[in-house]
file my_file_4.cif (mmCIF, C-alpha atoms)
data_entry
#
loop_
_atom_site.label_atom_id
_atom_site.label_comp_id
_atom_site.auth_asym_id
_atom_site.auth_seq_id
_atom_site.Cartn_x
_atom_site.Cartn_y
_atom_site.Cartn_z
CA MET L 1 38.62 -69.20 -24.95
CA LYS L 2 37.34 -67.96 -28.25
CA THR L 3 33.70 -68.26 -27.19
CA ASN L 4 34.62 -66.45 -24.03
CA HIS L 5 36.00 -63.51 -25.99
CA LEU L 6 33.01 -63.54 -28.24
CA SER L 7 30.58 -63.48 -25.34
CA THR L 8 32.58 -60.70 -23.66
CA ALA L 9 32.43 -58.71 -26.89
CA LEU L 10 28.70 -59.34 -27.24
CA LEU L 11 28.13 -58.40 -23.62
CA SER L 12 30.07 -55.15 -24.08
CA LEU L 13 28.13 -54.39 -27.22
CA GLY L 14 24.90 -55.14 -25.39
CA LEU L 15 25.85 -52.91 -22.47
CA PHE L 16 26.85 -50.16 -24.87
CA LEU L 17 23.53 -50.38 -26.72
CA LEU L 18 21.65 -50.47 -23.42
CA ALA L 19 23.54 -47.40 -22.16
CA ALA L 20 22.90 -45.63 -25.46
CA ALA L 21 19.23 -46.51 -25.27
CA CYS L 22 18.99 -45.33 -21.66
CA SER L 23 20.72 -42.03 -22.23
CA LYS L 24 18.53 -41.43 -25.25
CA GLU L 25 15.43 -42.03 -23.14
CA SER L 26 16.64 -39.62 -20.47
CA ALA L 27 17.45 -36.97 -23.04
CA ASP L 28 14.12 -37.27 -24.82
CA ILE L 29 11.98 -36.88 -21.78
CA SER L 30 12.98 -33.34 -20.92
CA ASN L 31 11.96 -31.66 -24.19
CA ASP L 32 8.21 -31.67 -24.63
CA PRO L 33 5.81 -30.47 -21.88
CA GLY L 34 3.60 -33.38 -22.82
CA GLN L 35 -0.11 -33.82 -23.16
CA ALA L 36 -2.56 -35.55 -20.82
CA GLY L 37 -5.70 -37.43 -21.79
CA SER L 38 -9.07 -35.88 -21.01
CA ILE L 39 -9.57 -37.77 -17.75
CA THR L 40 -7.08 -36.32 -15.30
CA ARG L 41 -7.07 -34.56 -11.94
CA PHE L 42 -3.72 -32.79 -12.46
CA ALA L 43 -2.67 -30.03 -14.83
CA VAL L 44 0.64 -28.18 -15.12
CA HIS L 45 0.52 -24.74 -16.72
CA ASN L 46 2.97 -21.79 -16.78
CA GLY L 47 4.90 -22.75 -13.67
CA PHE L 48 1.87 -23.79 -11.64
CA MET L 49 0.23 -27.12 -10.97
CA TYR L 50 -3.49 -27.45 -10.36
CA ALA L 51 -4.71 -30.61 -8.63
CA LEU L 52 -8.23 -31.64 -7.74
CA ASN L 53 -9.69 -32.96 -4.56
CA PRO L 54 -13.39 -33.87 -4.70
CA ASN L 55 -14.32 -30.33 -3.61
CA GLN L 56 -11.10 -28.36 -3.96
CA VAL L 57 -8.71 -27.01 -6.56
CA ARG L 58 -5.24 -26.97 -5.04
CA THR L 59 -2.75 -24.60 -6.69
CA PHE L 60 0.96 -25.29 -6.32
CA SER L 61 3.80 -23.04 -7.39
CA LEU L 62 6.50 -24.97 -9.27
CA GLU L 63 9.03 -22.18 -8.89
CA ASN L 64 11.14 -24.77 -7.11
CA PRO L 65 10.17 -27.90 -9.03
CA ASP L 66 11.87 -30.07 -6.42
CA LYS L 67 9.40 -28.90 -3.81
CA PRO L 68 6.02 -27.67 -5.08
CA GLN L 69 4.52 -25.10 -2.77
CA LEU L 70 0.80 -24.94 -2.01
CA VAL L 71 -0.22 -21.34 -2.68
CA HIS L 72 -4.01 -21.46 -2.95
CA THR L 73 -7.04 -23.66 -2.32
CA LEU L 74 -10.36 -22.98 -4.03
CA THR L 75 -13.42 -24.71 -2.62
CA THR L 76 -16.21 -25.94 -4.89
CA ASP L 77 -19.18 -28.27 -4.59
CA TYR L 78 -18.33 -31.96 -4.21
CA GLY L 79 -17.84 -34.01 -7.35
CA LEU L 80 -14.80 -32.59 -9.19
CA GLU L 81 -13.44 -35.20 -11.58
CA THR L 82 -11.41 -33.71 -14.43
CA ILE L 83 -9.36 -30.62 -15.25
CA ILE L 84 -8.12 -29.19 -18.54
CA ILE L 85 -6.59 -25.86 -19.39
CA TYR L 86 -7.44 -24.21 -22.70
CA ASP L 87 -6.76 -20.66 -23.81
CA ASN L 88 -5.48 -19.69 -20.36
CA THR L 89 -8.72 -20.83 -18.75
CA ILE L 90 -9.40 -23.84 -16.53
CA PHE L 91 -12.35 -26.09 -17.34
CA LEU L 92 -13.42 -28.54 -14.65
CA GLY L 93 -15.74 -31.48 -15.16
CA SER L 94 -17.70 -32.46 -12.08
CA ARG L 95 -20.56 -34.78 -11.30
CA THR L 96 -22.95 -31.86 -11.27
CA ALA L 97 -21.58 -29.13 -13.48
CA LEU L 98 -19.00 -27.70 -15.84
CA TYR L 99 -16.91 -25.08 -14.06
CA ILE L 100 -14.95 -22.35 -15.82
CA LEU L 101 -12.11 -20.75 -13.83
CA ASP L 102 -10.15 -17.62 -14.51
CA ILE L 103 -6.37 -17.86 -14.07
CA ALA L 104 -5.43 -14.29 -15.00
CA ASN L 105 -3.71 -14.59 -11.64
CA PRO L 106 -2.34 -18.11 -12.06
CA ALA L 107 -1.59 -18.36 -8.34
CA ALA L 108 -5.25 -17.91 -7.39
CA PRO L 109 -7.90 -19.37 -9.73
CA SER L 110 -11.38 -17.93 -9.37
CA ILE L 111 -14.74 -19.27 -10.52
CA LEU L 112 -16.20 -17.46 -13.55
CA SER L 113 -19.18 -19.74 -13.99
CA GLN L 114 -20.74 -23.07 -13.18
CA THR L 115 -23.34 -24.63 -15.44
CA GLN L 116 -26.54 -26.03 -14.08
CA ARG L 117 -27.32 -29.20 -15.90
CA GLY L 118 -30.81 -30.18 -16.86
CA GLU L 119 -32.38 -32.22 -14.13
CA PHE L 120 -32.19 -35.40 -16.18
CA LEU L 121 -28.44 -35.14 -16.52
CA PHE L 122 -26.60 -35.91 -13.35
CA GLY L 123 -23.70 -38.25 -13.52
CA GLY L 124 -20.08 -39.13 -13.12
CA CYS L 125 -16.92 -39.14 -15.17
CA ASP L 126 -17.17 -35.86 -16.96
CA PRO L 127 -14.14 -35.11 -19.12
CA VAL L 128 -14.18 -31.88 -21.07
CA VAL L 129 -12.37 -30.67 -24.18
CA VAL L 130 -12.56 -27.17 -25.60
CA LYS L 131 -12.11 -25.92 -29.14
CA ASP L 132 -12.50 -22.23 -29.93
CA ASN L 133 -15.77 -21.09 -28.37
CA PHE L 134 -17.23 -24.51 -27.68
CA ALA L 135 -16.74 -27.09 -24.93
CA TYR L 136 -17.60 -30.76 -25.34
CA SER L 137 -18.15 -32.92 -22.28
CA THR L 138 -19.31 -36.48 -21.82
CA ILE L 139 -21.43 -37.38 -18.85
CA LYS L 140 -22.05 -40.89 -17.69
CA ILE L 141 -25.28 -41.13 -15.78
CA ILE L 142 -25.24 -43.30 -12.73
CA GLU L 143 -27.06 -46.42 -13.73
CA ASN L 144 -29.99 -47.99 -12.05
CA VAL L 145 -29.90 -46.10 -8.82
CA CYS L 146 -32.31 -47.96 -6.57
CA GLY L 147 -32.75 -50.37 -9.45
CA ARG L 148 -35.45 -48.28 -11.06
CA PHE L 149 -33.70 -45.43 -12.82
CA ALA L 150 -33.33 -46.14 -16.51
CA SER L 151 -31.07 -43.35 -17.65
CA GLN L 152 -29.01 -42.11 -20.55
CA SER L 153 -25.50 -40.83 -20.85
CA ALA L 154 -24.59 -38.09 -23.26
CA LEU L 155 -22.16 -35.85 -25.06
CA MET L 156 -22.94 -32.27 -24.09
CA VAL L 157 -22.02 -29.27 -26.23
CA TYR L 158 -21.63 -25.85 -24.59
CA ASP L 159 -21.14 -22.46 -26.13
CA VAL L 160 -18.45 -20.96 -23.87
CA SER L 161 -17.82 -17.75 -25.84
CA ASN L 162 -19.05 -15.93 -22.76
CA ARG L 163 -16.94 -17.51 -20.02
CA ASN L 164 -19.32 -16.09 -17.45
CA ALA L 165 -22.38 -17.71 -18.94
CA PRO L 166 -21.83 -20.99 -20.80
CA ALA L 167 -24.88 -22.18 -22.67
CA ASN L 168 -25.82 -25.77 -23.40
CA VAL L 169 -26.39 -25.90 -27.14
CA GLY L 170 -26.47 -29.63 -27.82
CA VAL L 171 -27.04 -33.07 -26.30
CA HIS L 172 -26.19 -36.35 -28.01
CA PHE L 173 -27.25 -39.42 -26.12
CA MET L 174 -24.63 -42.14 -25.99
CA SER L 175 -24.20 -45.50 -24.32
CA LEU L 176 -21.34 -45.16 -21.80
CA PRO L 177 -19.11 -42.33 -23.00
CA ASN L 178 -15.66 -41.74 -21.46
CA GLY L 179 -12.73 -39.65 -22.65
CA LEU L 180 -12.68 -37.49 -25.74
CA GLY L 181 -10.47 -35.39 -27.99
CA TYR L 182 -10.48 -33.75 -31.40
CA LYS L 183 -8.56 -33.15 -34.58
CA ASP L 184 -9.62 -30.21 -36.74
CA ASN L 185 -13.37 -30.53 -37.24
CA TYR L 186 -13.76 -34.04 -35.88
CA LEU L 187 -14.42 -34.98 -32.29
CA PHE L 188 -13.56 -38.48 -31.07
CA VAL L 189 -15.46 -39.94 -28.13
CA CYS L 190 -14.75 -43.24 -26.37
CA ASP L 191 -17.99 -45.14 -25.89
CA GLU L 192 -17.51 -48.09 -23.58
CA GLY L 193 -21.11 -49.12 -24.05
CA THR L 194 -20.95 -49.62 -27.80
CA ASP L 195 -17.24 -50.61 -27.81
CA ARG L 196 -16.61 -47.95 -30.41
CA LEU L 197 -14.68 -44.79 -30.87
CA GLU L 198 -17.43 -42.49 -32.10
CA VAL L 199 -16.59 -39.67 -34.49
CA PHE L 200 -18.60 -36.43 -34.54
CA ASP L 201 -18.44 -33.67 -37.13
CA ILE L 202 -18.00 -30.39 -35.22
CA SER L 203 -17.45 -28.09 -38.20
CA ASP L 204 -20.69 -26.40 -37.13
CA PRO L 205 -20.61 -26.82 -33.33
CA MET L 206 -24.18 -25.59 -32.95
CA ASN L 207 -25.11 -28.51 -35.13
CA THR L 208 -22.71 -31.24 -34.04
CA ARG L 209 -23.54 -34.47 -35.80
CA THR L 210 -22.52 -38.10 -35.78
CA THR L 211 -20.58 -39.53 -38.72
CA SER L 212 -20.14 -42.99 -40.13
CA PHE L 213 -16.39 -42.93 -39.45
CA SER L 214 -16.48 -44.59 -36.02
CA VAL L 215 -14.18 -47.55 -35.37
CA ALA L 216 -14.45 -50.60 -33.11
CA VAL L 217 -12.35 -50.46 -29.92
CA ALA L 218 -13.12 -52.76 -26.98
CA ASP L 219 -13.93 -50.82 -23.77
CA PRO L 220 -12.31 -47.53 -24.78
CA VAL L 221 -11.55 -45.23 -21.83
CA ASP L 222 -9.56 -42.21 -22.97
CA LEU L 223 -7.56 -40.84 -25.87
CA ILE L 224 -4.84 -38.42 -26.90
CA VAL L 225 -4.62 -36.88 -30.36
CA LYS L 226 -1.21 -35.80 -31.59
CA GLY L 227 -0.96 -34.70 -35.19
CA ASP L 228 -2.09 -37.52 -37.43
CA LYS L 229 -1.87 -40.10 -34.66
CA MET L 230 -4.24 -40.98 -31.87
CA ILE L 231 -3.69 -43.18 -28.83
CA VAL L 232 -6.78 -44.83 -27.38
CA SER L 233 -6.58 -46.50 -23.97
CA SER L 234 -8.82 -49.17 -22.54
CA LYS L 235 -8.80 -50.76 -19.10
CA THR L 236 -6.04 -53.22 -20.03
CA GLU L 237 -4.37 -51.94 -23.18
CA PHE L 238 -3.78 -49.10 -25.59
CA ARG L 239 -3.66 -48.76 -29.32
CA PHE L 240 -2.44 -46.27 -31.91
CA PHE L 241 -4.53 -45.14 -34.84
CA ASP L 242 -3.59 -43.27 -37.98
CA ILE L 243 -6.15 -40.47 -38.32
CA SER L 244 -4.65 -38.68 -41.31
CA ASN L 245 -7.80 -39.62 -43.22
CA ILE L 246 -10.83 -39.43 -40.92
CA ALA L 247 -12.94 -41.42 -43.35
CA ASP L 248 -10.44 -44.25 -43.05
CA ILE L 249 -9.10 -44.46 -39.49
CA ARG L 250 -6.46 -47.17 -39.44
CA PRO L 251 -5.19 -49.15 -36.45
CA LEU L 252 -1.44 -49.12 -35.93
CA GLY L 253 0.48 -50.76 -33.10
CA ARG L 254 -0.83 -51.76 -29.71
CA ILE L 255 0.20 -52.97 -26.29
CA SER L 256 -2.20 -55.56 -25.00
CA LYS L 257 -2.55 -57.32 -21.72
CA MET Y 1 -40.31 -37.68 -24.29
CA GLN Y 2 -37.83 -39.66 -22.32
CA PHE Y 3 -36.96 -36.58 -20.25
CA ARG Y 4 -40.37 -36.39 -18.68
CA SER Y 5 -40.28 -39.91 -17.34
CA LEU Y 6 -36.74 -39.31 -16.11
CA SER Y 7 -37.64 -36.16 -14.25
CA PHE Y 8 -40.25 -38.18 -12.42
CA TRP Y 9 -37.39 -40.09 -10.84
CA PHE Y 10 -35.15 -37.10 -10.47
CA LEU Y 11 -35.76 -36.31 -6.83
CA PRO Y 12 -35.38 -39.84 -5.49
CA ALA Y 13 -32.38 -40.39 -7.74
CA VAL Y 14 -30.59 -37.25 -6.65
CA LEU Y 15 -31.39 -37.99 -3.06
CA ALA Y 16 -30.04 -41.48 -3.44
CA LEU Y 17 -26.95 -40.23 -5.21
CA TRP Y 18 -26.30 -37.61 -2.60
CA LEU Y 19 -26.57 -40.21 0.13
CA PHE Y 20 -24.74 -42.94 -1.72
CA SER Y 21 -22.16 -40.88 -3.55
CA GLY Y 22 -18.96 -42.91 -3.74
CA CYS Y 23 -19.37 -44.70 -0.48
CA ASP Y 24 -22.52 -45.25 1.42
CA GLU Y 25 -22.65 -46.81 4.82
CA ASP Y 26 -26.41 -46.97 5.17
CA ILE Y 27 -27.18 -49.69 2.69
CA GLU Y 28 -28.50 -53.03 3.79
CA PRO Y 29 -25.59 -55.27 4.77
CA PHE Y 30 -24.72 -57.36 1.75
CA SER Y 31 -22.95 -60.69 1.51
CA GLY Y 32 -21.55 -61.84 -1.80
CA VAL Y 33 -18.83 -61.11 -4.34
CA GLY Y 34 -17.40 -57.60 -4.32
CA LYS Y 35 -14.20 -55.63 -3.79
CA ARG Y 36 -12.04 -55.46 -0.69
CA PRO Y 37 -9.36 -52.83 0.00
CA VAL Y 38 -5.74 -53.97 0.02
CA TYR Y 39 -3.96 -52.05 2.77
CA ILE Y 40 -0.29 -51.20 3.12
CA PRO Y 41 1.40 -49.64 6.16
CA LEU Y 42 1.94 -45.90 5.68
CA ALA Y 43 5.71 -46.51 5.91
CA GLN Y 44 5.48 -48.51 2.68
CA LEU Y 45 4.28 -45.45 0.71
CA SER Y 46 7.89 -44.38 0.26
CA ASP Y 47 8.79 -47.60 -1.60
CA ILE Y 48 8.98 -45.78 -4.94
CA LYS Y 49 11.19 -47.30 -7.64
CA SER Y 50 11.65 -48.32 -11.27
CA LEU Y 51 10.84 -51.93 -12.04
CA PRO Y 52 10.76 -53.97 -15.25
CA PRO Y 53 7.61 -53.61 -17.39
CA ARG Y 54 4.55 -55.53 -16.29
CA PRO Y 55 1.07 -56.13 -17.71
CA ILE Y 56 -1.64 -53.48 -17.53
CA VAL Y 57 -4.32 -54.61 -15.08
CA LEU Y 58 -6.52 -51.54 -14.58
CA SER Y 59 -5.48 -48.40 -16.42
CA GLY Y 60 -6.01 -44.78 -15.42
CA SER Y 61 -4.86 -41.41 -16.68
CA ILE Y 62 -2.66 -41.29 -19.74
CA PHE Y 63 0.08 -38.87 -20.77
CA LEU Y 64 2.04 -38.53 -24.01
CA ARG Y 65 5.40 -36.82 -24.06
CA ASP Y 66 7.89 -36.93 -26.90
CA SER Y 67 8.29 -40.57 -27.73
CA PHE Y 68 7.07 -41.74 -24.33
CA PHE Y 69 3.60 -42.76 -23.29
CA PHE Y 70 2.68 -43.02 -19.62
CA MET Y 71 -0.31 -44.89 -18.28
CA LEU Y 72 -1.48 -45.00 -14.68
CA GLU Y 73 -1.97 -48.40 -13.13
CA GLN Y 74 -4.66 -47.77 -10.52
CA ARG Y 75 -3.16 -47.43 -7.02
CA GLN Y 76 0.06 -49.19 -8.12
CA GLY Y 77 2.19 -46.94 -10.29
CA ILE Y 78 2.85 -45.84 -13.87
CA HIS Y 79 3.61 -47.90 -16.98
CA VAL Y 80 6.22 -46.33 -19.27
CA PHE Y 81 6.24 -47.12 -23.01
CA ASN Y 82 8.49 -46.02 -25.82
CA VAL Y 83 6.18 -45.10 -28.68
CA ALA Y 84 8.71 -43.61 -31.10
CA ASP Y 85 7.30 -46.11 -33.60
CA PRO Y 86 3.49 -46.02 -33.32
CA GLY Y 87 3.43 -49.26 -35.26
CA ASN Y 88 5.41 -50.96 -32.54
CA PRO Y 89 5.12 -49.54 -29.01
CA VAL Y 90 7.55 -51.04 -26.50
CA ALA Y 91 7.12 -51.33 -22.73
CA VAL Y 92 10.17 -49.74 -21.08
CA ALA Y 93 9.56 -49.73 -17.31
CA PHE Y 94 7.05 -49.77 -14.52
CA TRP Y 95 7.33 -47.07 -11.88
CA GLN Y 96 6.12 -48.45 -8.59
CA ILE Y 97 4.36 -45.70 -6.63
CA PRO Y 98 2.20 -47.22 -3.86
CA ALA Y 99 -1.34 -45.80 -3.45
CA ILE Y 100 -0.95 -43.43 -6.44
CA GLY Y 101 -4.08 -41.54 -7.47
CA ASP Y 102 -2.99 -39.46 -10.45
CA PHE Y 103 0.06 -37.69 -11.86
CA SER Y 104 1.52 -34.96 -14.00
CA MET Y 105 5.04 -33.90 -14.87
CA SER Y 106 7.23 -30.93 -15.66
CA GLY Y 107 10.84 -31.18 -16.80
CA ASN Y 108 12.44 -34.10 -15.04
CA ARG Y 109 9.98 -33.99 -12.16
CA LEU Y 110 6.97 -36.23 -11.74
CA PHE Y 111 4.22 -35.11 -9.36
CA VAL Y 112 1.81 -37.67 -7.92
CA ASP Y 113 -0.75 -37.91 -5.21
CA SER Y 114 0.00 -40.97 -3.15
CA TRP Y 115 -2.67 -41.56 -0.54
CA ARG Y 116 -2.93 -38.13 1.22
CA ASP Y 117 0.45 -36.88 0.07
CA LEU Y 118 1.97 -34.92 -2.80
CA VAL Y 119 5.17 -36.66 -3.86
CA THR Y 120 7.82 -35.22 -6.18
CA ILE Y 121 9.93 -37.75 -8.04
CA ASP Y 122 13.10 -37.27 -10.09
CA ILE Y 123 12.55 -39.14 -13.37
CA SER Y 124 15.70 -38.00 -15.20
CA ASP Y 125 16.69 -41.65 -15.30
CA ILE Y 126 13.64 -43.67 -16.33
CA HIS Y 127 15.25 -46.82 -15.03
CA ASN Y 128 16.09 -45.39 -11.64
CA ILE Y 129 13.51 -42.91 -10.40
CA ARG Y 130 13.97 -41.31 -6.99
CA SER Y 131 11.46 -39.74 -4.62
CA ILE Y 132 12.81 -36.32 -3.58
CA ASP Y 133 9.96 -34.68 -1.67
CA ARG Y 134 6.80 -35.71 0.18
CA GLN Y 135 4.23 -33.33 1.64
CA THR Y 136 1.50 -34.94 3.67
CA GLY Y 137 -2.18 -34.19 4.13
CA LEU Y 138 -2.87 -32.40 0.83
CA PHE Y 139 -5.23 -34.86 -0.85
CA ASP Y 140 -8.42 -36.71 -0.04
CA PRO Y 141 -7.97 -40.14 -1.59
CA LEU Y 142 -10.97 -41.81 -3.21
CA LEU Y 143 -12.21 -44.35 -0.70
CA TYR Y 144 -13.94 -46.57 -3.23
CA PRO Y 145 -12.74 -48.90 -6.04
CA PRO Y 146 -12.20 -47.09 -9.37
CA LEU Y 147 -13.98 -48.18 -12.56
CA PHE Y 148 -16.19 -50.50 -10.59
CA ASN Y 149 -19.91 -50.69 -10.04
CA GLY Y 150 -21.06 -52.67 -7.03
CA ILE Y 151 -20.60 -53.64 -3.42
CA PHE Y 152 -17.33 -53.22 -1.55
CA GLU Y 153 -15.94 -53.42 1.96
CA CYS Y 154 -15.81 -49.91 3.44
CA VAL Y 155 -12.33 -48.48 3.95
CA ASP Y 156 -10.97 -48.56 7.50
CA GLU Y 157 -8.20 -45.96 7.52
CA SER Y 158 -6.76 -47.27 10.77
CA LYS Y 159 -5.53 -50.25 8.74
CA GLY Y 160 -3.23 -48.13 6.54
CA ALA Y 161 -3.29 -46.72 3.02
CA VAL Y 162 -5.38 -48.34 0.28
CA ALA Y 163 -2.95 -49.62 -2.34
CA GLY Y 164 -5.46 -51.56 -4.41
CA TRP Y 165 -8.71 -53.50 -4.48
CA GLU Y 166 -9.14 -57.23 -4.75
CA ASP Y 167 -12.10 -59.42 -5.61
CA ALA Y 168 -13.44 -61.09 -2.50
CA PHE Y 169 -16.44 -62.80 -0.99
CA LEU Y 170 -17.77 -60.19 1.39
CA THR Y 171 -19.88 -60.72 4.45
CA GLU Y 172 -22.03 -57.86 5.71
CA ALA Y 173 -20.45 -55.29 3.36
CA ARG Y 174 -21.96 -51.84 3.79
CA CYS Y 175 -20.52 -49.77 0.92
CA ARG Y 176 -21.30 -49.58 -2.77
CA THR Y 177 -20.35 -47.49 -5.81
CA PHE Y 178 -22.44 -46.10 -8.62
CA ASN Y 179 -20.17 -45.40 -11.56
#

call {"tool": "encode", "arguments": {"input": "my_file_4.cif", "output": "structure tokens"}}
result
Amino acid sequence: MKTNHLSTALLSLGLFLLAAACSKESADISNDPGQAGSITRFAVHNGFMYALNPNQVRTFSLENPDKPQLVHTLTTDYGLETIIIYDNTIFLGSRTALYILDIANPAAPSILSQTQRGEFLFGGCDPVVVKDNFAYSTIKIIENVCGRFASQSALMVYDVSNRNAPANVGVHFMSLPNGLGYKDNYLFVCDEGTDRLEVFDISDPMNTRTTSFSVAVADPVDLIVKGDKMIVSSKTEFRFFDISNIADIRPLGRISK
Amino acid sequence: MQFRSLSFWFLPAVLALWLFSGCDEDIEPFSGVGKRPVYIPLAQLSDIKSLPPRPIVLSGSIFLRDSFFFMLEQRQGIHVFNVADPGNPVAVAFWQIPAIGDFSMSGNRLFVDSWRDLVTIDISDIHNIRSIDRQTGLFDPLLYPPLFNGIFECVDESKGAVAGWEDAFLTEARCRTFN
């Protein structure tokens, strides 16, 4: 009988803790708008959602969040892969170009400009991040097309101070770059080829340079920087890093396969 | 300069890419190991629910919000982690969303593309999510395996929605990716 009471008490306590934990989770989730990685096809901004098809930007009004309403479709060339919104402007990464869209009318984005890449740069997976007047985008060149195309992937730097005429001001060849993000004057780039998180100094964007602060991460795909913490994802896991001191990036916890 | 030798191959490469982009049906039939689509009936797309955590097999987009971290599992759903303690992240749930492509969220609403549809999901209770709206025909799903470079069996849409890709020995496969 005693054990029975004890187990009932423990069960009640357990249920109480579970309920407390659940309600806490539900409460937490509604506060922060949240932050996506650099590789995403969806973006929510000021009551609208922008979603990419390979050759379309679909705009949905979230006035009734229970039933988003399609209000606009913008057609582009094929190859759209990523979207981010910075400083009330949409930046799209595609297989062929960096697009900059005006959302002064958020219900109807319009194309301000579209870069033409150098002929040697033509690839997939093109996430973009923007800081002040500069955009950073990685491009992963399709490998060995026809078995005879030895190519290079790269980090591209664009001066986007004139949204109507972005200018390519830097190219850093990399192995197989993926997602990217920054904190202050340091840009972090996942390089799946070298199994490292590369760190660039962008204090002078016109003269972006590599640093010796990179850290080993197996098959890094994308990342999110939040304050002094960074989450780096790979195909089968993710890991936190403490980036309060860039010269000494420290691994924290992880979830692995 | 490396550029010069590359530009020599530019035209054929671009031509090839244009033809082969994502899925090409003109390649020589290939037999060997590759990827095969896993189909589900369209009716099964609405089987959206919270499940216990499960291992990450092939990740996709990531999203950080308050003390929660969300990670797409390609074509399957979304992993939910509590990351209040970055030294010790904890798996909380797996949201099963068949044929999911990507997602975003606002308030207690999760928006996903599932096959050709935009689906709105109430996530106010992480452990009991509910689909509340589905609008069809808004998205063009990718008809090739993500994060994969090689030969695959071309998608036959009459067989249903693609809810994943499995390794398989293919005979006479006619599609391949370049990624």

call {"tool": "resolve_selection", "arguments": {"input": "my_file_4.cif", "expression": "the PyMOL selection byres ((chain Y and resi 131) around 9)", "output": "PyMOL selection string"}}
result
chain Y and resi 46-49+119-123+129-130+132-134

call {"tool": "resolve_selection", "arguments": {"input": "my_file_4.cif", "expression": "the PyMOL selection byres ((chain Y and resi 80) around 8)", "output": "list in words"}}
result
Pro53, Phe68, Phe69, Phe70, Met71, Ile78, His79, Phe81, Asn82, Ala91, Val92, Ala93, Phe94 and Trp95 of chain Y

call {"tool": "closest_residue", "arguments": {"input": "my_file_4.cif", "among": "L:Thr236, L:Ala247, L:Asp219, L:Ser38", "to": "chain Y", "atoms": "only C-alpha atoms"}}
result
L:Thr236

call {"tool": "residues_around", "arguments": {"input": "my_file_4.cif", "residues": "region 113-118 of chain Y", "least_positions_apart": "4", "cutoff": "10 Å", "atoms": "all atoms listed in the file", "output": "PyMOL selection string"}}
result
(chain L and resi 41-42+51+67-68) or (chain Y and resi 42+45-46+75-77+97-104+133-143+160-163)

call {"tool": "write_last_selection", "arguments": {"input": "my_file_4.cif", "atoms": "C-alpha atoms", "output": "PDB file, in the frame of the given file"}}
result
ATOM      1  CA  ARG L  41      -7.070 -34.560 -11.940  1.00  0.00           C
ATOM      2  CA  PHE L  42      -3.720 -32.790 -12.460  1.00  0.00           C
ATOM      3  CA  ALA L  51      -4.710 -30.610  -8.630  1.00  0.00           C
ATOM      4  CA  LYS L  67       9.400 -28.900  -3.810  1.00  0.00           C
ATOM      5  CA  PRO L  68       6.020 -27.670  -5.080  1.00  0.00           C
TER       6      PRO L  68
ATOM      7  CA  LEU Y  42       1.940 -45.900   5.680  1.00  0.00           C
ATOM      8  CA  LEU Y  45       4.280 -45.450   0.710  1.00  0.00           C
ATOM      9  CA  SER Y  46       7.890 -44.380   0.260  1.00  0.00           C
ATOM     10  CA  ARG Y  75      -3.160 -47.430  -7.020  1.00  0.00           C
ATOM     11  CA  GLN Y  76       0.060 -49.190  -8.120  1.00  0.00           C
ATOM     12  CA  GLY Y  77       2.190 -46.940 -10.290  1.00  0.00           C
ATOM     13  CA  ILE Y  97       4.360 -45.700  -6.630  1.00  0.00           C
ATOM     14  CA  PRO Y  98       2.200 -47.220  -3.860  1.00  0.00           C
ATOM     15  CA  ALA Y  99      -1.340 -45.800  -3.450  1.00  0.00           C
ATOM     16  CA  ILE Y 100      -0.950 -43.430  -6.440  1.00  0.00           C
ATOM     17  CA  GLY Y 101      -4.080 -41.540  -7.470  1.00  0.00           C
ATOM     18  CA  ASP Y 102      -2.990 -39.460 -10.450  1.00  0.00           C
ATOM     19  CA  PHE Y 103       0.060 -37.690 -11.860  1.00  0.00           C
ATOM     20  CA  SER Y 104       1.520 -34.960 -14.000  1.00  0.00           C
ATOM     21  CA  ASP Y 133       9.960 -34.680  -1.670  1.00  0.00           C
ATOM     22  CA  ARG Y 134       6.800 -35.710   0.180  1.00  0.00           C
ATOM     23  CA  GLN Y 135       4.230 -33.330   1.640  1.00  0.00           C
ATOM     24  CA  THR Y 136       1.500 -34.940   3.670  1.00  0.00           C
ATOM     25  CA  GLY Y 137      -2.180 -34.190   4.130  1.00  0.00           C
ATOM     26  CA  LEU Y 138      -2.870 -32.400   0.830  1.00  0.00           C
ATOM     27  CA  PHE Y 139      -5.230 -34.860  -0.850  1.00  0.00           C
ATOM     28  CA  ASP Y 140      -8.420 -36.710  -0.040  1.00  0.00           C
ATOM     29  CA  PRO Y 141      -7.970 -40.140  -1.590  1.00  0.00           C
ATOM     30  CA  LEU Y 142     -10.970 -41.810  -3.210  1.00  0.00           C
ATOM     31  CA  LEU Y 143     -12.210 -44.350  -0.700  1.00  0.00           C
ATOM     32  CA  GLY Y 160      -3.230 -48.130   6.540  1.00  0.00           C
ATOM     33  CA  ALA Y 161      -3.290 -46.720   3.020  1.00  0.00           C
ATOM     34  CA  VAL Y 162      -5.380 -48.340   0.280  1.00  0.00           C
ATOM     35  CA  ALA Y 163      -2.950 -49.620  -2.340  1.00  0.00           C
TER      36      ALA Y 163
END

call {"tool": "residues_around", "arguments": {"input": "my_file_4.cif", "residues": "region 74-90 of chain L", "least_positions_apart": "4", "cutoff": "7 Å", "atoms": "only C-alpha atoms", "output": "PyMOL selection string"}}
result
chain L and resi 39-43+52-58+94-96+100-103+125-127+130

call {"tool": "closest_residue", "arguments": {"input": "my_file_4.cif", "among": "L:Asp204, L:Asp32, L:Asp248, L:Asp195", "to": "chain Y", "atoms": "only C-alpha atoms"}}
result
L:Asp32

call {"tool": "residues_around", "arguments": {"input": "my_file_4.cif", "residues": "region 152-156 of chain Y", "least_positions_apart": "4", "cutoff": "9 Å", "atoms": "all atoms listed in the file", "output": "PyMOL selection string"}}
result
chain Y and resi 23-25+33-37+143-145+160+162+168+170-177
